[in-house]
file entry08.csv (CSV, C-alpha atoms)
chain,number,residue,atom,x,y,z
A,1,MET,CA,0.0,0.0,0.0
A,2,LYS,CA,1.4,3.3,-1.1
A,3,ASN,CA,0.8,6.4,1.0
A,4,VAL,CA,0.9,9.6,-0.9
A,5,THR,CA,1.5,13.0,0.8
A,6,ILE,CA,1.6,16.2,-1.1
A,7,TYR,CA,3.0,19.5,0.4
A,8,THR,CA,1.3,22.5,-1.3
A,9,THR,CA,0.6,26.2,-1.1
A,10,SER,CA,-2.8,27.7,-1.9
A,11,ALA,CA,-1.7,29.7,-5.0
A,12,CYS,CA,0.7,27.2,-6.6
A,13,ILE,CA,-0.4,26.0,-10.0
A,14,TYR,CA,2.0,23.1,-10.1
A,15,CYS,CA,0.4,21.9,-6.8
A,16,LYS,CA,-3.0,22.1,-8.5
A,17,MET,CA,-1.8,20.2,-11.5
A,18,THR,CA,-0.4,17.5,-9.3
A,19,LYS,CA,-3.7,17.2,-7.4
A,20,GLU,CA,-5.5,17.0,-10.7
A,21,PHE,CA,-3.2,14.3,-11.8
A,22,PHE,CA,-4.0,12.3,-8.6
A,23,ALA,CA,-7.8,12.9,-9.1
A,24,GLU,CA,-7.6,11.8,-12.8
A,25,HIS,CA,-5.9,8.5,-11.8
A,26,ASN,CA,-7.9,7.9,-8.6
A,27,ILE,CA,-4.9,8.2,-6.3
A,28,THR,CA,-5.8,9.0,-2.7
A,29,TYR,CA,-3.5,11.4,-1.0
A,30,THR,CA,-3.0,13.5,2.1
A,31,GLU,CA,-2.4,17.2,1.6
A,32,GLN,CA,-0.3,19.4,3.8
A,33,ASN,CA,-0.7,23.1,3.1
A,34,VAL,CA,2.7,24.6,4.0
A,35,ALA,CA,1.3,28.1,3.6
A,36,THR,CA,-0.9,27.8,6.6
A,37,ASP,CA,0.9,25.1,8.7
A,38,GLN,CA,4.4,26.2,9.7
A,39,SER,CA,5.3,22.7,11.1
A,40,SER,CA,4.4,21.1,7.8
A,41,ALA,CA,6.6,23.6,6.0
A,42,GLN,CA,9.6,22.8,8.2
A,43,GLU,CA,8.9,19.1,7.8
A,44,MET,CA,8.8,19.5,4.0
A,45,ILE,CA,12.1,21.5,4.0
A,46,ASN,CA,13.8,18.8,6.2
A,47,LYS,CA,12.6,16.0,4.1
A,48,SER,CA,13.3,17.5,0.6
A,49,GLY,CA,16.2,19.8,1.4
A,50,GLN,CA,14.6,22.6,-0.6
A,51,MET,CA,11.9,25.2,-0.4
A,52,GLY,CA,9.9,24.8,-3.6
A,53,VAL,CA,6.4,23.4,-3.9
A,54,PRO,CA,4.8,21.0,-4.6
A,55,VAL,CA,6.7,18.1,-3.0
A,56,THR,CA,5.1,14.6,-3.2
A,57,ILE,CA,6.3,11.9,-0.9
A,58,ILE,CA,5.3,8.3,-1.8
A,59,SER,CA,5.8,5.9,1.1
A,60,GLU,CA,5.8,2.1,0.8
A,61,ASP,CA,7.3,-0.5,3.1
A,62,GLY,CA,9.2,2.1,5.1
A,63,LYS,CA,10.8,3.6,2.0
A,64,ASP,CA,10.1,7.1,0.8
A,65,GLU,CA,10.3,8.4,-2.8
A,66,LEU,CA,10.3,12.1,-3.2
A,67,VAL,CA,9.2,14.1,-6.2
A,68,VAL,CA,9.7,17.9,-6.4
A,69,GLY,CA,7.5,19.8,-8.7
A,70,PHE,CA,4.9,18.4,-11.1
A,71,ASP,CA,6.9,15.6,-12.7
A,72,GLU,CA,4.1,13.7,-14.5
A,73,GLU,CA,6.5,11.1,-15.9
A,74,ARG,CA,8.1,10.3,-12.6
A,75,LEU,CA,4.7,10.3,-10.7
A,76,SER,CA,3.3,7.9,-13.3
A,77,ALA,CA,6.3,5.6,-13.0
A,78,LEU,CA,6.2,5.6,-9.2
A,79,LEU,CA,2.4,5.2,-8.9
A,80,VAL,CA,2.2,2.6,-11.6
A,81,VAL,CA,-0.3,4.6,-13.6
A,82,THR,CA,-1.0,3.6,-17.2
A,83,ALA,CA,-0.7,6.7,-19.2
B,84,MET,CA,3.2,6.4,-30.4
B,85,GLN,CA,2.4,9.0,-33.0
B,86,GLU,CA,-1.2,9.7,-33.6
B,87,LEU,CA,-2.0,11.3,-36.9
B,88,ASN,CA,-5.2,13.4,-37.3
B,89,ASN,CA,-5.8,13.7,-41.0
B,90,SER,CA,-8.2,16.5,-40.8
B,91,ILE,CA,-6.8,20.0,-41.4
B,92,TYR,CA,-7.7,22.7,-38.9
B,93,ASP,CA,-8.4,26.2,-40.0
B,94,ILE,CA,-6.5,27.6,-37.0
B,95,ILE,CA,-4.3,26.1,-34.4
B,96,ILE,CA,-3.8,28.2,-31.4
B,97,VAL,CA,-0.7,27.5,-29.3
B,98,GLY,CA,-0.9,28.6,-25.7
B,99,LEU,CA,-3.9,28.7,-23.3
B,100,GLY,CA,-3.1,32.1,-21.6
B,101,PRO,CA,-5.3,35.2,-22.0
B,102,ALA,CA,-4.1,35.7,-25.6
B,103,GLY,CA,-4.7,32.1,-26.7
B,104,VAL,CA,-8.0,31.9,-24.9
B,105,THR,CA,-9.3,35.1,-26.5
B,106,ALA,CA,-8.1,34.0,-29.9
B,107,GLY,CA,-9.9,30.7,-29.3
B,108,LEU,CA,-13.2,32.4,-28.3
B,109,TYR,CA,-13.2,34.5,-31.5
B,110,SER,CA,-12.3,31.6,-33.7
B,111,LEU,CA,-14.9,29.2,-32.2
B,112,ARG,CA,-17.5,31.9,-32.4
B,113,ASN,CA,-16.6,32.3,-36.1
B,114,ASN,CA,-17.3,28.6,-36.6
B,115,LEU,CA,-13.7,28.0,-37.7
B,116,LYS,CA,-12.3,24.6,-37.2
B,117,THR,CA,-10.1,25.4,-34.3
B,118,LEU,CA,-7.6,23.5,-32.1
B,119,MET,CA,-6.2,25.0,-29.0
B,120,ILE,CA,-2.9,23.4,-27.7
B,121,GLY,CA,-1.5,24.0,-24.3
B,122,GLU,CA,-0.7,22.4,-20.9
B,123,THR,CA,-3.1,24.3,-18.7
B,124,PHE,CA,-5.5,27.2,-19.0
B,125,GLY,CA,-4.3,30.5,-17.7
B,126,GLY,CA,-0.7,30.4,-18.8
B,127,ALA,CA,1.5,32.8,-16.8
B,128,THR,CA,-1.7,34.4,-15.4
B,129,LEU,CA,-1.8,31.4,-13.0
B,130,VAL,CA,1.2,32.7,-11.1
B,131,SER,CA,0.1,36.4,-11.2
B,132,GLY,CA,-1.4,36.2,-7.7
B,133,GLU,CA,-3.9,39.0,-7.1
B,134,ILE,CA,-5.2,40.8,-10.1
B,135,GLU,CA,-6.8,44.2,-9.7
B,136,ASN,CA,-6.6,45.7,-13.1
B,137,TRP,CA,-8.9,43.5,-15.1
B,138,PRO,CA,-12.1,45.5,-16.0
B,139,GLY,CA,-15.2,44.2,-14.5
B,140,ALA,CA,-13.5,42.6,-11.5
B,141,VAL,CA,-12.4,44.8,-8.6
B,142,ASN,CA,-10.3,41.9,-7.4
B,143,THR,CA,-9.6,38.5,-8.8
B,144,ASN,CA,-6.6,36.2,-9.0
B,145,GLY,CA,-4.8,34.0,-11.5
B,146,PHE,CA,-6.5,30.8,-10.5
B,147,GLU,CA,-10.0,32.2,-10.7
B,148,MET,CA,-9.3,33.8,-14.0
B,149,ALA,CA,-7.9,30.6,-15.5
B,150,GLU,CA,-11.0,28.7,-14.3
B,151,LYS,CA,-13.2,31.2,-16.0
B,152,PHE,CA,-11.1,31.0,-19.2
B,153,GLU,CA,-11.6,27.2,-19.3
B,154,GLU,CA,-15.3,27.5,-18.5
B,155,GLN,CA,-15.8,29.9,-21.3
B,156,ILE,CA,-14.0,27.8,-23.9
B,157,ARG,CA,-16.0,24.7,-22.8
B,158,HIS,CA,-19.2,26.7,-23.3
B,159,TYR,CA,-18.3,26.7,-27.1
B,160,SER,CA,-16.8,23.2,-27.1
B,161,PRO,CA,-18.4,21.1,-24.4
B,162,ASP,CA,-16.8,17.9,-25.6
B,163,GLU,CA,-13.3,19.5,-25.4
B,164,SER,CA,-12.7,18.5,-29.0
B,165,CYS,CA,-11.0,21.8,-29.6
B,166,ILE,CA,-8.5,21.4,-26.8
B,167,LYS,CA,-5.3,19.4,-26.9
B,168,ARG,CA,-3.4,19.2,-23.6
B,169,SER,CA,0.2,19.1,-24.5
B,170,LEU,CA,3.2,21.3,-25.0
B,171,VAL,CA,4.3,22.0,-28.6
B,172,LYS,CA,7.7,20.7,-29.7
B,173,THR,CA,8.0,22.2,-33.2
B,174,ILE,CA,6.1,24.0,-35.8
B,175,ASP,CA,7.1,23.9,-39.4
B,176,LYS,CA,5.7,24.4,-42.9
B,177,GLN,CA,4.6,21.4,-45.0
B,178,GLY,CA,3.6,22.9,-48.4
B,179,ASN,CA,1.1,25.7,-47.6
B,180,LEU,CA,0.1,24.1,-44.3
B,181,PHE,CA,1.6,24.3,-40.9
B,182,ARG,CA,2.5,21.1,-39.1
B,183,VAL,CA,2.4,21.3,-35.3
B,184,LEU,CA,4.3,18.5,-33.6
B,185,ASN,CA,3.6,18.1,-29.9
B,186,LYS,CA,5.9,16.8,-27.1
B,187,ASP,CA,3.5,13.8,-26.6
B,188,GLY,CA,4.1,12.7,-30.2
B,189,THR,CA,0.8,13.8,-31.7
B,190,GLU,CA,0.8,16.1,-34.8
B,191,PHE,CA,-1.8,18.3,-36.4
B,192,PHE,CA,-2.0,20.4,-39.5
B,193,SER,CA,-3.6,23.8,-40.1
B,194,LYS,CA,-4.0,26.6,-42.5
B,195,ALA,CA,-3.0,29.2,-39.9
B,196,VAL,CA,-1.4,29.3,-36.6
B,197,ILE,CA,-1.8,31.8,-33.7
B,198,TYR,CA,1.2,31.5,-31.6
B,199,SER,CA,0.8,32.7,-28.0
B,200,THR,CA,3.1,30.7,-25.8
B,201,GLY,CA,4.0,33.7,-23.7
B,202,SER,CA,7.3,33.9,-21.8
B,203,GLU,CA,9.3,32.4,-18.9
B,204,SER,CA,11.2,34.0,-16.1
B,205,ARG,CA,14.4,35.7,-16.9
B,206,LYS,CA,17.4,34.5,-14.8
B,207,LEU,CA,20.0,36.7,-13.2
B,208,ASN,CA,22.8,34.5,-14.4
B,209,ILE,CA,25.0,35.2,-11.4
B,210,PRO,CA,27.1,32.9,-9.1
B,211,GLY,CA,25.0,31.0,-6.7
B,212,GLU,CA,21.7,31.4,-8.5
B,213,GLN,CA,21.5,28.0,-10.0
B,214,GLU,CA,23.1,26.3,-7.0
B,215,TYR,CA,20.5,27.7,-4.6
B,216,ARG,CA,17.5,27.4,-6.9
B,217,ASN,CA,14.6,26.2,-4.7
B,218,LYS,CA,16.9,26.5,-1.8
B,219,GLY,CA,16.2,30.2,-1.3
B,220,VAL,CA,16.2,31.3,-4.9
B,221,THR,CA,12.7,31.3,-6.4
B,222,TYR,CA,11.0,32.7,-9.5
B,223,CYS,CA,7.4,32.3,-8.2
B,224,ALA,CA,6.5,34.5,-5.3
B,225,THR,CA,2.8,33.4,-5.4
B,226,CYS,CA,3.8,29.7,-5.2
B,227,ASP,CA,6.7,29.7,-2.8
B,228,GLY,CA,6.2,33.0,-0.9
B,229,PRO,CA,4.4,31.4,2.1
B,230,LEU,CA,7.5,29.2,2.8
B,231,TYR,CA,9.4,32.4,3.7
B,232,ARG,CA,7.2,33.3,6.7
B,233,ASN,CA,9.2,35.3,9.2
B,234,LYS,CA,12.3,35.1,7.1
B,235,ASP,CA,14.4,37.9,5.6
B,236,VAL,CA,13.9,38.2,1.8
B,237,ALA,CA,15.2,40.2,-1.1
B,238,ILE,CA,13.0,40.9,-4.2
B,239,ILE,CA,15.2,41.5,-7.2
B,240,GLY,CA,13.6,43.7,-9.9
B,241,GLY,CA,11.9,47.0,-10.3
B,242,GLY,CA,8.8,46.4,-12.5
B,243,ASN,CA,5.3,45.4,-11.8
B,244,SER,CA,6.0,41.8,-10.9
B,245,ALA,CA,8.7,42.8,-8.4
B,246,MET,CA,6.3,45.4,-6.8
B,247,LYS,CA,3.6,42.8,-6.5
B,248,ALA,CA,5.9,40.2,-5.0
B,249,SER,CA,7.3,42.8,-2.5
B,250,LEU,CA,3.8,43.8,-1.4
B,251,MET,CA,2.8,40.1,-1.0
B,252,MET,CA,6.0,39.4,1.0
B,253,LEU,CA,5.4,42.4,3.3
B,254,ASN,CA,2.6,40.4,4.9
B,255,ILE,CA,4.6,37.2,5.2
B,256,ALA,CA,8.3,37.8,5.7
B,257,LYS,CA,10.2,39.3,8.6
B,258,SER,CA,11.9,41.8,6.4
B,259,VAL,CA,11.8,42.8,2.8
B,260,ILE,CA,14.4,44.4,0.6
B,261,VAL,CA,13.6,45.4,-3.0
B,262,VAL,CA,16.6,45.8,-5.3
B,263,SER,CA,16.3,47.5,-8.7
B,264,ILE,CA,19.3,47.8,-11.1
B,265,ASN,CA,17.7,50.9,-12.5
B,266,PRO,CA,17.8,54.4,-10.9
B,267,GLN,CA,14.0,54.2,-10.2
B,268,PHE,CA,11.2,51.7,-9.9
B,269,SER,CA,9.0,51.3,-12.9
B,270,GLY,CA,6.0,49.4,-11.7
B,271,GLU,CA,2.5,50.8,-11.3
B,272,GLN,CA,2.5,53.9,-9.2
B,273,ILE,CA,-0.2,52.6,-6.8
B,274,SER,CA,2.2,49.8,-5.9
B,275,ILE,CA,5.3,52.0,-5.6
B,276,LYS,CA,3.4,54.4,-3.3
B,277,GLN,CA,2.3,51.5,-1.1
B,278,LEU,CA,5.9,50.3,-0.9
B,279,GLU,CA,7.2,53.9,-0.2
B,280,LYS,CA,4.7,54.1,2.6
B,281,ALA,CA,5.9,50.8,4.0
B,282,GLU,CA,9.5,52.0,3.7
B,283,LYS,CA,8.7,55.1,5.8
B,284,GLU,CA,7.3,52.8,8.4
B,285,GLY,CA,10.5,50.8,8.4
B,286,LYS,CA,8.9,47.6,6.9
B,287,VAL,CA,10.8,47.5,3.7
B,288,ARG,CA,14.1,48.8,2.3
B,289,MET,CA,14.1,49.9,-1.3
B,290,ILE,CA,17.4,49.9,-3.2
B,291,VAL,CA,17.8,51.6,-6.6
B,292,SER,CA,20.9,51.4,-8.9
B,293,GLY,CA,21.7,48.1,-7.1
B,294,LYS,CA,23.2,45.3,-9.2
B,295,THR,CA,22.6,41.9,-7.7
B,296,SER,CA,25.9,40.2,-8.2
B,297,GLU,CA,25.9,37.0,-6.2
B,298,VAL,CA,23.8,34.6,-4.1
B,299,ARG,CA,25.6,33.0,-1.2
B,300,GLY,CA,24.7,30.2,1.0
B,301,ASN,CA,25.8,27.8,3.7
B,302,GLY,CA,25.9,24.8,1.3
B,303,LYS,CA,22.3,24.0,2.0
B,304,PHE,CA,20.3,27.2,1.8
B,305,VAL,CA,20.7,30.8,0.9
B,306,ASP,CA,22.0,33.0,3.6
B,307,LYS,CA,23.2,36.2,1.8
B,308,VAL,CA,22.8,38.2,-1.4
B,309,VAL,CA,25.4,40.6,-2.6
B,310,VAL,CA,24.3,43.9,-4.1
B,311,GLU,CA,26.7,46.3,-5.7
B,312,HIS,CA,25.7,49.9,-5.5
B,313,VAL,CA,26.3,51.3,-8.9
B,314,ASP,CA,26.7,54.9,-7.8
B,315,THR,CA,29.4,54.2,-5.1
B,316,GLY,CA,30.9,51.0,-6.3
B,317,VAL,CA,30.4,49.5,-2.9
B,318,ALA,CA,29.4,45.8,-2.7
B,319,GLU,CA,27.0,45.2,0.2
B,320,GLU,CA,26.4,41.7,1.6
B,321,ILE,CA,22.8,41.4,2.9
B,322,ALA,CA,21.7,38.6,5.1
B,323,VAL,CA,18.6,37.0,3.6
B,324,GLN,CA,17.1,33.5,3.4
B,325,GLY,CA,15.1,34.1,0.3
B,326,VAL,CA,15.9,35.7,-3.1
B,327,PHE,CA,12.8,36.3,-5.3
B,328,VAL,CA,13.9,37.0,-8.9
B,329,GLU,CA,11.4,39.2,-10.7
B,330,ILE,CA,13.4,40.8,-13.5
B,331,GLY,CA,11.3,40.2,-16.5
B,332,LEU,CA,10.6,37.6,-19.0
B,333,ILE,CA,12.1,35.7,-22.0
B,334,PRO,CA,9.7,34.8,-24.9
B,335,ILE,CA,9.2,31.1,-25.5
B,336,THR,CA,10.2,30.7,-29.2
B,337,GLU,CA,12.2,27.4,-29.2
B,338,PRO,CA,9.4,25.5,-31.0
B,339,VAL,CA,9.4,28.0,-33.9
B,340,LYS,CA,13.1,28.6,-34.4
B,341,GLU,CA,13.2,26.9,-37.8
B,342,LEU,CA,10.3,29.0,-39.2
B,343,GLY,CA,12.5,31.9,-40.1
B,344,LEU,CA,10.5,34.4,-38.1
B,345,LYS,CA,11.8,37.9,-37.6
B,346,MET,CA,12.6,38.6,-34.0
B,347,ASN,CA,13.9,41.7,-32.1
B,348,ARG,CA,17.1,41.8,-30.1
B,349,ILE,CA,15.5,40.3,-27.1
B,350,GLY,CA,14.0,37.4,-29.0
B,351,GLU,CA,10.4,38.6,-29.2
B,352,ILE,CA,8.6,37.8,-32.5
B,353,GLU,CA,8.1,41.0,-34.6
B,354,THR,CA,4.5,41.8,-35.4
B,355,ASN,CA,2.3,44.7,-36.4
B,356,ARG,CA,-1.2,46.0,-35.7
B,357,GLU,CA,-2.8,43.0,-37.5
B,358,MET,CA,-0.6,40.6,-35.5
B,359,THR,CA,0.9,39.1,-38.7
B,360,THR,CA,4.5,38.1,-38.9
B,361,ASN,CA,6.9,37.8,-41.9
B,362,VAL,CA,5.6,34.2,-42.3
B,363,PRO,CA,2.2,34.3,-44.0
B,364,GLY,CA,-0.5,32.5,-42.0
B,365,PHE,CA,1.6,32.7,-38.8
B,366,PHE,CA,0.1,35.1,-36.3
B,367,VAL,CA,1.3,36.0,-32.8
B,368,ALA,CA,-0.3,37.4,-29.7
B,369,GLY,CA,0.6,38.1,-26.1
B,370,ASP,CA,3.9,38.3,-24.3
B,371,VAL,CA,5.8,36.3,-27.0
B,372,CYS,CA,5.6,39.2,-29.5
B,373,ASP,CA,7.3,42.6,-29.5
B,374,VAL,CA,4.5,44.7,-27.9
B,375,ARG,CA,5.6,46.9,-25.1
B,376,ASP,CA,3.0,46.2,-22.5
B,377,LYS,CA,3.1,42.7,-21.0
B,378,GLN,CA,-0.3,42.9,-19.4
B,379,ILE,CA,-3.2,40.4,-19.2
B,380,ILE,CA,-5.6,42.7,-20.9
B,381,VAL,CA,-3.2,43.6,-23.7
B,382,ALA,CA,-2.5,39.9,-24.3
B,383,SER,CA,-6.2,39.3,-24.5
B,384,ALA,CA,-6.8,42.2,-26.9
B,385,LEU,CA,-3.9,41.0,-29.2
B,386,GLY,CA,-5.5,37.5,-29.2
B,387,CYS,CA,-8.7,39.0,-30.5
B,388,THR,CA,-6.9,40.9,-33.3
B,389,ALA,CA,-4.8,37.8,-34.2
B,390,ALA,CA,-8.0,35.7,-34.4
B,391,LEU,CA,-9.7,38.2,-36.7
B,392,SER,CA,-6.7,38.5,-38.9
B,393,ALA,CA,-6.3,34.7,-39.0
B,394,ALA,CA,-10.0,34.3,-39.9
B,395,GLU,CA,-9.5,36.7,-42.9
B,396,TYR,CA,-6.4,34.7,-43.9
B,397,VAL,CA,-8.3,31.4,-43.7
B,398,GLN,CA,-11.2,32.8,-45.8
B,399,ASN,CA,-8.8,33.7,-48.6
B,400,PHE,CA,-6.7,30.5,-48.2
B,401,GLU,CA,-5.9,28.7,-51.4
call {"tool": "encode", "arguments": {"input": "entry08.csv", "output": "structure tokens"}}
result
Amino acid sequence: MKNVTIYTTSACIYCKMTKEFFAEHNITYTEQNVATDQSSAQEMINKSGQMGVPVTIISEDGKDELVVGFDEERLSALLVVTA
Amino acid sequence: MQELNNSIYDIIIVGLGPAGVTAGLYSLRNNLKTLMIGETFGGATLVSGEIENWPGAVNTNGFEMAEKFEEQIRHYSPDESCIKRSLVKTIDKQGNLFRVLNKDGTEFFSKAVIYSTGSESRKLNIPGEQEYRNKGVTYCATCDGPLYRNKDVAIIGGGNSAMKASLMMLNIAKSVIVVSINPQFSGEQISIKQLEKAEKEGKVRMIVSGKTSEVRGNGKFVDKVVVEHVDTGVAEEIAVQGVFVEIGLIPITEPVKELGLKMNRIGEIETNREMTTNVPGFFVAGDVCDVRDKQIIVASALGCTAALSAAEYVQNFE
């Protein structure tokens, strides 16, 4: 079972595009809005080592895969979505 | 896999920003066989943040505007048959037709093209900029601004985008410094006045004739920006955790580099009042062309003119 978490800000188009991609492929996810939640922001920076949104973390069997930005190709590959 | 659509479109519109959407509306309402190609509705409008100079809306924003763009196009094409979600790779001529090849491998043919891809952020091209990209250096204040809550930030630029980013960050950051390489700021007066007021209150520092020469960091994130004061020759190291680069735009013309289009010295496609170019049947609109004012409403108006000119061209097409 893959757990998908996306770190977003409210006015970020690439966050919106990533969420639309999840919706299109029926991928359930948890959203952390780093614009309104400072601890989530720090968590995202610690995990990704950078300060750009969106950041998607895909967790499975204790292993995390991290995607910065809306990288459709990589998200497709990681989430085994048939294009 | 390449998918070939044998039907020939009257008009292919490249770009879904205000110029492309307006061109699309006029072409669809003219019953022309129209295809609109782009990644997402809104284009650069999506990262414009708050918009307060669009007639009919005291206050709107890039998201809201993009949604309305899409809604209006869908009104004329409910099945979305006029929309192709992709980025264009190349456009070339095949006989008297244009061939548009997309990055997803699909290709389409048309009698006329309205090219409205817009532009992308100009880079400073200084040491540290690339190294600390997304690690303090950002080109999208509306996207990344909230991550700099209670931090010290520098906004580089003196135009409208820089003014808007500065005003936005005043409400988020601990301190804001605005650095313009020019002797004065050139954004809208209403924004400049707001910033000058904030400066008097000690909330912002405005630097003119300041050349941003280096971004420095601790190996992980930005911790300083170096500004050279042109008048005195003094280089000042300023402690910041964020550097927002808002120094203008570069037109996106890579897909049409083989068409032989005339461009000006900064790479904008040359046009005229009819939005034609030196390539017959190839029209332009929006920030990609050599009009002075890079504004949503101007892009939209140019899209209208381009569509009307293209319709005339298609009517006389042989």
call {"tool": "atom_distance", "arguments": {"input": "entry08.csv", "atom1": "atom CA of Ile13 of chain A", "atom2": "atom CA of Asn243 of chain B"}}
result
20.3 Å
call {"tool": "interface_residues", "arguments": {"input": "entry08.csv", "of": "chain A", "to": "chain B", "cutoff": "6 Å", "atoms": "only C-alpha atoms", "output": "number ranges by chain"}}
result
A: 11-12, 35, 50-52
call {"tool": "residues_around", "arguments": {"input": "entry08.csv", "residues": "segment 287-296 of chain B", "least_positions_apart": "4", "cutoff": "9 Å", "atoms": "only C-alpha atoms", "output": "JSON, numbers by chain"}}
result
{"B": [207, 208, 209, 210, 239, 241, 249, 253, 258, 259, 260, 261, 262, 263, 264, 265, 266, 267, 268, 278, 279, 281, 282, 283, 308, 309, 310, 311, 312, 313, 314, 318]}
call {"tool": "atom_distance", "arguments": {"input": "entry08.csv", "atom1": "atom CA of Asn179 of chain B", "atom2": "atom CA of Leu391 of chain B"}}
result
19.8 Å
call {"tool": "closest_residue", "arguments": {"input": "entry08.csv", "among": "A:Thr56, A:Thr8, A:Asn26, A:Ser76", "to": "Ala41 of chain A", "atoms": "all atoms listed in the file"}}
result
A:Thr8
call {"tool": "atom_distance", "arguments": {"input": "entry08.csv", "atom1": "atom CA of Glu190 of chain B", "atom2": "atom CA of Ser164 of chain B"}}
result
14.9 Å
call {"tool": "closest_residue", "arguments": {"input": "entry08.csv", "among": "A:Leu66, A:Val55, A:Thr9, A:Phe22", "to": "Val80 of chain A", "atoms": "all atoms listed in the file"}}
result
A:Phe22
call {"tool": "decode", "arguments": {"input": "entry08.csv", "residues": "segment 41-70 of chain A", "atoms": "C-alpha atoms", "output": "PDB file, in the first residue's frame"}}
result
ATOM      1  CA  ALA A  41       6.573  23.642   6.014  1.00  0.00           C
ATOM      2  CA  GLN A  42       9.552  22.770   8.177  1.00  0.00           C
ATOM      3  CA  GLU A  43       8.859  19.062   7.761  1.00  0.00           C
ATOM      4  CA  MET A  44       8.831  19.494   3.965  1.00  0.00           C
ATOM      5  CA  ILE A  45      12.097  21.457   3.999  1.00  0.00           C
ATOM      6  CA  ASN A  46      13.759  18.833   6.220  1.00  0.00           C
ATOM      7  CA  LYS A  47      12.629  15.957   4.053  1.00  0.00           C
ATOM      8  CA  SER A  48      13.279  17.501   0.637  1.00  0.00           C
ATOM      9  CA  GLY A  49      16.214  19.778   1.437  1.00  0.00           C
ATOM     10  CA  GLN A  50      14.648  22.565  -0.599  1.00  0.00           C
ATOM     11  CA  MET A  51      11.891  25.183  -0.431  1.00  0.00           C
ATOM     12  CA  GLY A  52       9.864  24.786  -3.629  1.00  0.00           C
ATOM     13  CA  VAL A  53       6.357  23.356  -3.879  1.00  0.00           C
ATOM     14  CA  PRO A  54       4.832  20.957  -4.610  1.00  0.00           C
ATOM     15  CA  VAL A  55       6.662  18.099  -2.953  1.00  0.00           C
ATOM     16  CA  THR A  56       5.118  14.643  -3.181  1.00  0.00           C
ATOM     17  CA  ILE A  57       6.257  11.853  -0.923  1.00  0.00           C
ATOM     18  CA  ILE A  58       5.289   8.307  -1.817  1.00  0.00           C
ATOM     19  CA  SER A  59       5.843   5.900   1.079  1.00  0.00           C
ATOM     20  CA  GLU A  60       5.813   2.132   0.840  1.00  0.00           C
ATOM     21  CA  ASP A  61       7.344  -0.517   3.106  1.00  0.00           C
ATOM     22  CA  GLY A  62       9.208   2.100   5.103  1.00  0.00           C
ATOM     23  CA  LYS A  63      10.807   3.563   1.991  1.00  0.00           C
ATOM     24  CA  ASP A  64      10.134   7.094   0.762  1.00  0.00           C
ATOM     25  CA  GLU A  65      10.296   8.351  -2.820  1.00  0.00           C
ATOM     26  CA  LEU A  66      10.306  12.094  -3.182  1.00  0.00           C
ATOM     27  CA  VAL A  67       9.162  14.121  -6.189  1.00  0.00           C
ATOM     28  CA  VAL A  68       9.744  17.874  -6.357  1.00  0.00           C
ATOM     29  CA  GLY A  69       7.509  19.829  -8.731  1.00  0.00           C
ATOM     30  CA  PHE A  70       4.888  18.405 -11.070  1.00  0.00           C
TER      31      PHE A  70
END
